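All remarks here apply to the structure that follows.
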Amino acid sequence: MTTRPAGLRERKKQATREALREAALRLALEQGPDHVRVEDIAEAAGVSPRTYNNYFSSREQAIVAAVTAEREARVASAIAARPAEDRLADAVIEAILAQYTDPGERHREALLLITTHPALREAFLGGTEAISKPLAAAIAERLGAADEFAAPVLAASVAAALRVALEKWLEPTAGTPATAGFVVVSGSLPELLRAALAPLVPAFDAAEEESPQHPGHQ
């Protein structure tokens, strides 16, 4: 009897979160991030500032969330959807590349805003930790292992590698205009991600070899 009300509450919360992040992005694009107040975002989304604070801790977090929302879940889903015989390291790396290098046409202007605004860049980088929990669950599902440390440690390592790659990608380049950061989205970012994740491949392979689901253990 409690399933439907709980489901309805969750849908309402999700709708509120979406309204806030979309309002935050729209106002930031219209007025510039520095001119947007939390009160403005809340009013545009039809909620109180107090409600806003239940979802986001800053305006930057809300603006960035409009681009990154649900990305972590999509990475986990992409890994789960890969055939069981696929190498785990390949599944993880390809899922990361797919979700972090193609923002979609709708978010290209937003990504330009993020890459050229210091506070938004920090919020963007800070969001990498959010991938750890869903990624750990996806890795554990693939490994089917009793080892309680392998999946969370691997997932945390991926999050750290992801942040390193994004920090390198967002480094200002001397002598280039501010908008140059936007161009690298389709260029060097995939290479940076692959390079940052490459040191983790042996660890993924070792964990997979130790997995009870590995052919060598059957």
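Going through the structure tokens in order, the chains are called A, B, and so on, while each chain numbers its residues from 1 and the ligands are numbered from 1 in the order shown.
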
task: Would you please extract all alpha helix (DSSP H) residues from range 43-154 of chain A, as assigned by DSSP on the backbone, and give them as number ranges by chain?
output: A: 43-45, 49-53, 59-68, 71-81, 88-100, 108-115, 118-126, 132-143, 150-154

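The residue set within 7 Å of Leu143 in chain A, counting only C-alpha atoms and dropping same-chain residues fewer than 3 places from it, reads Ile139, Ala140, Glu208, Ser211 and Gln213 of chain A.
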
Saved selection, atoms kept: all heavy atoms, as a PDB file, in the first residue's frame:
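Saved to result_34.pdb:
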ATOM      1  N   ILE A 139      30.292  -2.448 -11.232  1.00  0.00           N
ATOM      2  CA  ILE A 139      31.494  -3.294 -11.259  1.00  0.00           C
ATOM      3  C   ILE A 139      31.272  -4.555 -10.431  1.00  0.00           C
ATOM      4  O   ILE A 139      31.638  -5.663 -10.853  1.00  0.00           O
ATOM      5  CB  ILE A 139      32.713  -2.508 -10.744  1.00  0.00           C
ATOM      6  CG1 ILE A 139      33.070  -1.390 -11.720  1.00  0.00           C
ATOM      7  CG2 ILE A 139      33.912  -3.441 -10.546  1.00  0.00           C
ATOM      8  CD1 ILE A 139      34.132  -0.432 -11.207  1.00  0.00           C
ATOM      9  N   ALA A 140      30.678  -4.404  -9.264  1.00  0.00           N
ATOM     10  CA  ALA A 140      30.412  -5.559  -8.406  1.00  0.00           C
ATOM     11  C   ALA A 140      29.487  -6.552  -9.098  1.00  0.00           C
ATOM     12  O   ALA A 140      29.663  -7.770  -8.987  1.00  0.00           O
ATOM     13  CB  ALA A 140      29.791  -5.092  -7.083  1.00  0.00           C
ATOM     14  N   GLU A 208      39.105  -9.044 -12.498  1.00  0.00           N
ATOM     15  CA  GLU A 208      38.259  -9.889 -13.341  1.00  0.00           C
ATOM     16  C   GLU A 208      38.755 -11.328 -13.350  1.00  0.00           C
ATOM     17  O   GLU A 208      37.954 -12.274 -13.340  1.00  0.00           O
ATOM     18  CB  GLU A 208      38.231  -9.315 -14.760  1.00  0.00           C
ATOM     19  CG  GLU A 208      37.098  -9.834 -15.603  1.00  0.00           C
ATOM     20  CD  GLU A 208      36.888  -9.002 -16.856  1.00  0.00           C
ATOM     21  OE1 GLU A 208      37.837  -8.340 -17.322  1.00  0.00           O
ATOM     22  OE2 GLU A 208      35.758  -9.026 -17.379  1.00  0.00           O
ATOM     23  N   SER A 211      37.621 -13.085 -10.311  1.00  0.00           N
ATOM     24  CA  SER A 211      36.170 -13.179 -10.158  1.00  0.00           C
ATOM     25  C   SER A 211      35.686 -14.613 -10.333  1.00  0.00           C
ATOM     26  O   SER A 211      36.149 -15.331 -11.223  1.00  0.00           O
ATOM     27  CB  SER A 211      35.480 -12.283 -11.196  1.00  0.00           C
ATOM     28  OG  SER A 211      34.088 -12.560 -11.259  1.00  0.00           O
ATOM     29  N   GLN A 213      33.090 -15.428 -11.673  1.00  0.00           N
ATOM     30  CA  GLN A 213      32.406 -15.496 -12.961  1.00  0.00           C
ATOM     31  C   GLN A 213      33.382 -15.596 -14.128  1.00  0.00           C
ATOM     32  O   GLN A 213      32.974 -15.748 -15.271  1.00  0.00           O
ATOM     33  CB  GLN A 213      31.507 -14.268 -13.130  1.00  0.00           C
ATOM     34  CG  GLN A 213      30.386 -14.195 -12.103  1.00  0.00           C
ATOM     35  CD  GLN A 213      29.429 -13.046 -12.397  1.00  0.00           C
ATOM     36  OE1 GLN A 213      29.418 -12.471 -13.459  1.00  0.00           O
ATOM     37  NE2 GLN A 213      28.584 -12.745 -11.419  1.00  0.00           N
TER      38      GLN A 213
END

field: Near-Ala165 in chain A list (12 Å; only C-alpha atoms; drop same-chain fewer than 6 positions) as a PyMOL selection string
entry: chain A and resi 96-97+100-101+125+128+158-159+171+188-198

Would you mind exporting N, CA and C atoms of the selected residues as a PDB file, in the first residue's frame?
ATOM      1  N   ILE A  96      32.622   5.580 -19.849  1.00  0.00           N
ATOM      2  CA  ILE A  96      33.079   6.898 -19.408  1.00  0.00           C
ATOM      3  C   ILE A  96      33.239   7.832 -20.604  1.00  0.00           C
ATOM      4  N   LEU A  97      33.883   7.357 -21.648  1.00  0.00           N
ATOM      5  CA  LEU A  97      34.095   8.190 -22.834  1.00  0.00           C
ATOM      6  C   LEU A  97      32.775   8.632 -23.449  1.00  0.00           C
ATOM      7  N   TYR A 100      31.151  11.374 -21.070  1.00  0.00           N
ATOM      8  CA  TYR A 100      31.899  12.578 -20.717  1.00  0.00           C
ATOM      9  C   TYR A 100      32.445  13.352 -21.910  1.00  0.00           C
ATOM     10  N   THR A 101      32.329  12.823 -23.106  1.00  0.00           N
ATOM     11  CA  THR A 101      32.880  13.535 -24.255  1.00  0.00           C
ATOM     12  C   THR A 101      31.825  14.012 -25.242  1.00  0.00           C
ATOM     13  N   LEU A 125      34.227  19.858 -11.645  1.00  0.00           N
ATOM     14  CA  LEU A 125      35.231  18.904 -11.185  1.00  0.00           C
ATOM     15  C   LEU A 125      34.788  18.203  -9.901  1.00  0.00           C
ATOM     16  N   THR A 128      32.762  14.809  -9.907  1.00  0.00           N
ATOM     17  CA  THR A 128      33.280  13.516 -10.352  1.00  0.00           C
ATOM     18  C   THR A 128      33.124  12.434  -9.278  1.00  0.00           C
ATOM     19  N   VAL A 158      38.597   5.167 -10.527  1.00  0.00           N
ATOM     20  CA  VAL A 158      38.073   5.733 -11.771  1.00  0.00           C
ATOM     21  C   VAL A 158      37.668   7.187 -11.556  1.00  0.00           C
ATOM     22  N   ALA A 159      36.990   7.472 -10.438  1.00  0.00           N
ATOM     23  CA  ALA A 159      36.576   8.842 -10.145  1.00  0.00           C
ATOM     24  C   ALA A 159      37.789   9.763 -10.033  1.00  0.00           C
ATOM     25  N   GLU A 171      42.613  23.099 -17.868  1.00  0.00           N
ATOM     26  CA  GLU A 171      43.730  24.003 -17.601  1.00  0.00           C
ATOM     27  C   GLU A 171      43.770  25.107 -18.648  1.00  0.00           C
ATOM     28  N   SER A 188      40.850  16.684 -27.581  1.00  0.00           N
ATOM     29  CA  SER A 188      41.789  16.044 -26.674  1.00  0.00           C
ATOM     30  C   SER A 188      41.159  15.381 -25.461  1.00  0.00           C
ATOM     31  N   LEU A 189      39.917  15.701 -25.118  1.00  0.00           N
ATOM     32  CA  LEU A 189      39.337  15.109 -23.913  1.00  0.00           C
ATOM     33  C   LEU A 189      39.282  13.583 -23.969  1.00  0.00           C
ATOM     34  N   PRO A 190      38.843  12.955 -25.054  1.00  0.00           N
ATOM     35  CA  PRO A 190      38.880  11.488 -25.096  1.00  0.00           C
ATOM     36  C   PRO A 190      40.275  10.924 -24.870  1.00  0.00           C
ATOM     37  N   GLU A 191      41.285  11.586 -25.440  1.00  0.00           N
ATOM     38  CA  GLU A 191      42.661  11.118 -25.264  1.00  0.00           C
ATOM     39  C   GLU A 191      43.097  11.255 -23.810  1.00  0.00           C
ATOM     40  N   LEU A 192      42.735  12.360 -23.183  1.00  0.00           N
ATOM     41  CA  LEU A 192      43.084  12.567 -21.778  1.00  0.00           C
ATOM     42  C   LEU A 192      42.408  11.533 -20.886  1.00  0.00           C
ATOM     43  N   LEU A 193      41.152  11.239 -21.173  1.00  0.00           N
ATOM     44  CA  LEU A 193      40.441  10.240 -20.380  1.00  0.00           C
ATOM     45  C   LEU A 193      41.078   8.864 -20.533  1.00  0.00           C
ATOM     46  N   ARG A 194      41.397   8.495 -21.747  1.00  0.00           N
ATOM     47  CA  ARG A 194      42.033   7.189 -21.975  1.00  0.00           C
ATOM     48  C   ARG A 194      43.383   7.117 -21.258  1.00  0.00           C
ATOM     49  N   ALA A 195      44.153   8.196 -21.336  1.00  0.00           N
ATOM     50  CA  ALA A 195      45.469   8.205 -20.699  1.00  0.00           C
ATOM     51  C   ALA A 195      45.346   8.111 -19.178  1.00  0.00           C
ATOM     52  N   ALA A 196      44.372   8.805 -18.612  1.00  0.00           N
ATOM     53  CA  ALA A 196      44.199   8.799 -17.157  1.00  0.00           C
ATOM     54  C   ALA A 196      43.685   7.454 -16.655  1.00  0.00           C
ATOM     55  N   LEU A 197      42.868   6.791 -17.447  1.00  0.00           N
ATOM     56  CA  LEU A 197      42.292   5.511 -17.046  1.00  0.00           C
ATOM     57  C   LEU A 197      43.203   4.326 -17.346  1.00  0.00           C
ATOM     58  N   ALA A 198      44.171   4.511 -18.253  1.00  0.00           N
ATOM     59  CA  ALA A 198      45.044   3.409 -18.665  1.00  0.00           C
ATOM     60  C   ALA A 198      45.765   2.726 -17.502  1.00  0.00           C
TER      61      ALA A 198
END

Check which residues of range 71-111 of chain A sit at most 10 Å from range 18-37 of chain A using only C-alpha atoms, and return one row each with the closest pair of atoms and their distance in Å to one decimal, ordered by chain and rising number, as CSV.
residue,atom,partner,partner_atom,distance
A:His107,CA,A:Leu25,CA,9.8
A:Glu109,CA,A:Leu29,CA,8.2
A:Ala110,CA,A:Leu25,CA,7.3

Writer output for current selection, N, CA, C and O atoms, as a PDB file, in the first residue's frame:
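Saved as again_14.pdb:
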ATOM      1  N   HIS A 107      23.392  20.877 -24.829  1.00  0.00           N
ATOM      2  CA  HIS A 107      24.218  21.337 -23.718  1.00  0.00           C
ATOM      3  C   HIS A 107      25.558  21.922 -24.150  1.00  0.00           C
ATOM      4  O   HIS A 107      26.403  22.214 -23.300  1.00  0.00           O
ATOM      5  N   GLU A 109      26.273  24.899 -25.422  1.00  0.00           N
ATOM      6  CA  GLU A 109      26.416  26.270 -24.934  1.00  0.00           C
ATOM      7  C   GLU A 109      26.659  26.270 -23.429  1.00  0.00           C
ATOM      8  O   GLU A 109      27.460  27.057 -22.917  1.00  0.00           O
ATOM      9  N   ALA A 110      25.989  25.361 -22.725  1.00  0.00           N
ATOM     10  CA  ALA A 110      26.174  25.268 -21.286  1.00  0.00           C
ATOM     11  C   ALA A 110      27.588  24.817 -20.937  1.00  0.00           C
ATOM     12  O   ALA A 110      28.206  25.319 -19.989  1.00  0.00           O
TER      13      ALA A 110
END

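Take CA of Gly46 in chain A and CA of Glu10 in chain A: the distance between them is 17.8 Å.
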
9 Å contact set for Ala91 in chain A, only C-alpha atoms, chain neighbours under 5 positions out, as a PyMOL selection string: chain A and resi 78-80+82+86+96

Write out the residues from the selection above, keeping N, CA, C and O atoms, as an mmCIF file, in the first residue's frame.
data_model
loop_
_atom_site.group_PDB
_atom_site.id
_atom_site.type_symbol
_atom_site.label_atom_id
_atom_site.label_comp_id
_atom_site.auth_asym_id
_atom_site.auth_seq_id
_atom_site.Cartn_x
_atom_site.Cartn_y
_atom_site.Cartn_z
ATOM 1 N N ALA A 78 25.318 1.627 -18.917
ATOM 2 C CA ALA A 78 26.069 1.228 -20.110
ATOM 3 C C ALA A 78 26.974 0.038 -19.822
ATOM 4 O O ALA A 78 27.112 -0.867 -20.646
ATOM 5 N N ILE A 79 27.579 0.020 -18.652
ATOM 6 C CA ILE A 79 28.434 -1.107 -18.266
ATOM 7 C C ILE A 79 27.598 -2.371 -18.102
ATOM 8 O O ILE A 79 27.964 -3.454 -18.574
ATOM 9 N N ALA A 80 26.470 -2.234 -17.443
ATOM 10 C CA ALA A 80 25.590 -3.389 -17.223
ATOM 11 C C ALA A 80 25.067 -3.957 -18.535
ATOM 12 O O ALA A 80 24.794 -5.157 -18.634
ATOM 13 N N ARG A 82 26.659 -4.153 -21.378
ATOM 14 C CA ARG A 82 27.673 -4.809 -22.204
ATOM 15 C C ARG A 82 27.611 -6.326 -22.029
ATOM 16 O O ARG A 82 27.319 -6.824 -20.944
ATOM 17 N N ASP A 86 32.600 -9.348 -22.633
ATOM 18 C CA ASP A 86 33.420 -8.162 -22.870
ATOM 19 C C ASP A 86 34.347 -7.910 -21.688
ATOM 20 O O ASP A 86 33.980 -8.115 -20.530
ATOM 21 N N ILE A 96 32.622 5.580 -19.849
ATOM 22 C CA ILE A 96 33.079 6.898 -19.408
ATOM 23 C C ILE A 96 33.239 7.832 -20.604
ATOM 24 O O ILE A 96 32.766 8.979 -20.601
#

field: Gly127 in chain A surroundings by only C-alpha atoms, 10 Å radius, close-in-sequence under 2 positions cut, as number ranges by chain
entry: A: 61, 64-65, 68, 72, 122-125, 129-131, 159, 163

Write the residues of the preceding selection, restricted to N, CA, C and O atoms, as an mmCIF file, in the first residue's frame.
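Everything below was put into result_1.cif:
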data_model
loop_
_atom_site.group_PDB
_atom_site.id
_atom_site.type_symbol
_atom_site.label_atom_id
_atom_site.label_comp_id
_atom_site.auth_asym_id
_atom_site.auth_seq_id
_atom_site.Cartn_x
_atom_site.Cartn_y
_atom_site.Cartn_z
ATOM 1 N N GLN A 61 26.444 24.541 -8.345
ATOM 2 C CA GLN A 61 26.091 23.123 -8.363
ATOM 3 C C GLN A 61 24.834 22.884 -9.184
ATOM 4 O O GLN A 61 24.758 21.915 -9.943
ATOM 5 N N VAL A 64 25.658 23.373 -13.044
ATOM 6 C CA VAL A 64 26.417 22.234 -13.562
ATOM 7 C C VAL A 64 25.536 20.997 -13.661
ATOM 8 O O VAL A 64 25.646 20.208 -14.608
ATOM 9 N N ALA A 65 24.636 20.819 -12.699
ATOM 10 C CA ALA A 65 23.762 19.647 -12.688
ATOM 11 C C ALA A 65 22.876 19.585 -13.923
ATOM 12 O O ALA A 65 22.459 18.499 -14.342
ATOM 13 N N THR A 68 25.197 17.639 -16.161
ATOM 14 C CA THR A 68 25.710 16.345 -15.695
ATOM 15 C C THR A 68 24.645 15.429 -15.107
ATOM 16 O O THR A 68 24.952 14.290 -14.749
ATOM 17 N N GLU A 72 26.022 9.725 -14.135
ATOM 18 C CA GLU A 72 26.614 8.597 -13.413
ATOM 19 C C GLU A 72 25.769 7.335 -13.575
ATOM 20 O O GLU A 72 26.301 6.238 -13.768
ATOM 21 N N GLU A 122 35.051 24.531 -11.040
ATOM 22 C CA GLU A 122 35.270 23.844 -9.765
ATOM 23 C C GLU A 122 34.093 22.940 -9.416
ATOM 24 O O GLU A 122 34.271 21.821 -8.933
ATOM 25 N N ALA A 123 32.887 23.436 -9.640
ATOM 26 C CA ALA A 123 31.697 22.620 -9.364
ATOM 27 C C ALA A 123 31.640 21.416 -10.293
ATOM 28 O O ALA A 123 31.252 20.314 -9.889
ATOM 29 N N PHE A 124 32.039 21.622 -11.531
ATOM 30 C CA PHE A 124 32.066 20.544 -12.518
ATOM 31 C C PHE A 124 33.042 19.452 -12.091
ATOM 32 O O PHE A 124 32.729 18.257 -12.136
ATOM 33 N N LEU A 125 34.227 19.858 -11.645
ATOM 34 C CA LEU A 125 35.231 18.904 -11.185
ATOM 35 C C LEU A 125 34.788 18.203 -9.901
ATOM 36 O O LEU A 125 35.030 17.013 -9.722
ATOM 37 N N GLU A 129 33.128 12.828 -8.018
ATOM 38 C CA GLU A 129 33.015 11.837 -6.944
ATOM 39 C C GLU A 129 31.671 11.110 -6.970
ATOM 40 O O GLU A 129 31.561 9.996 -6.470
ATOM 41 N N ALA A 130 30.666 11.744 -7.557
ATOM 42 C CA ALA A 130 29.325 11.156 -7.566
ATOM 43 C C ALA A 130 29.266 9.853 -8.352
ATOM 44 O O ALA A 130 28.328 9.070 -8.184
ATOM 45 N N ILE A 131 30.260 9.617 -9.190
ATOM 46 C CA ILE A 131 30.226 8.408 -10.001
ATOM 47 C C ILE A 131 30.592 7.161 -9.200
ATOM 48 O O ILE A 131 30.270 6.035 -9.596
ATOM 49 N N ALA A 159 36.990 7.472 -10.438
ATOM 50 C CA ALA A 159 36.576 8.842 -10.145
ATOM 51 C C ALA A 159 37.789 9.763 -10.033
ATOM 52 O O ALA A 159 37.774 10.895 -10.526
ATOM 53 N N ARG A 163 38.760 12.881 -12.568
ATOM 54 C CA ARG A 163 39.023 14.256 -12.145
ATOM 55 C C ARG A 163 40.366 14.748 -12.681
ATOM 56 O O ARG A 163 40.475 15.889 -13.134
#
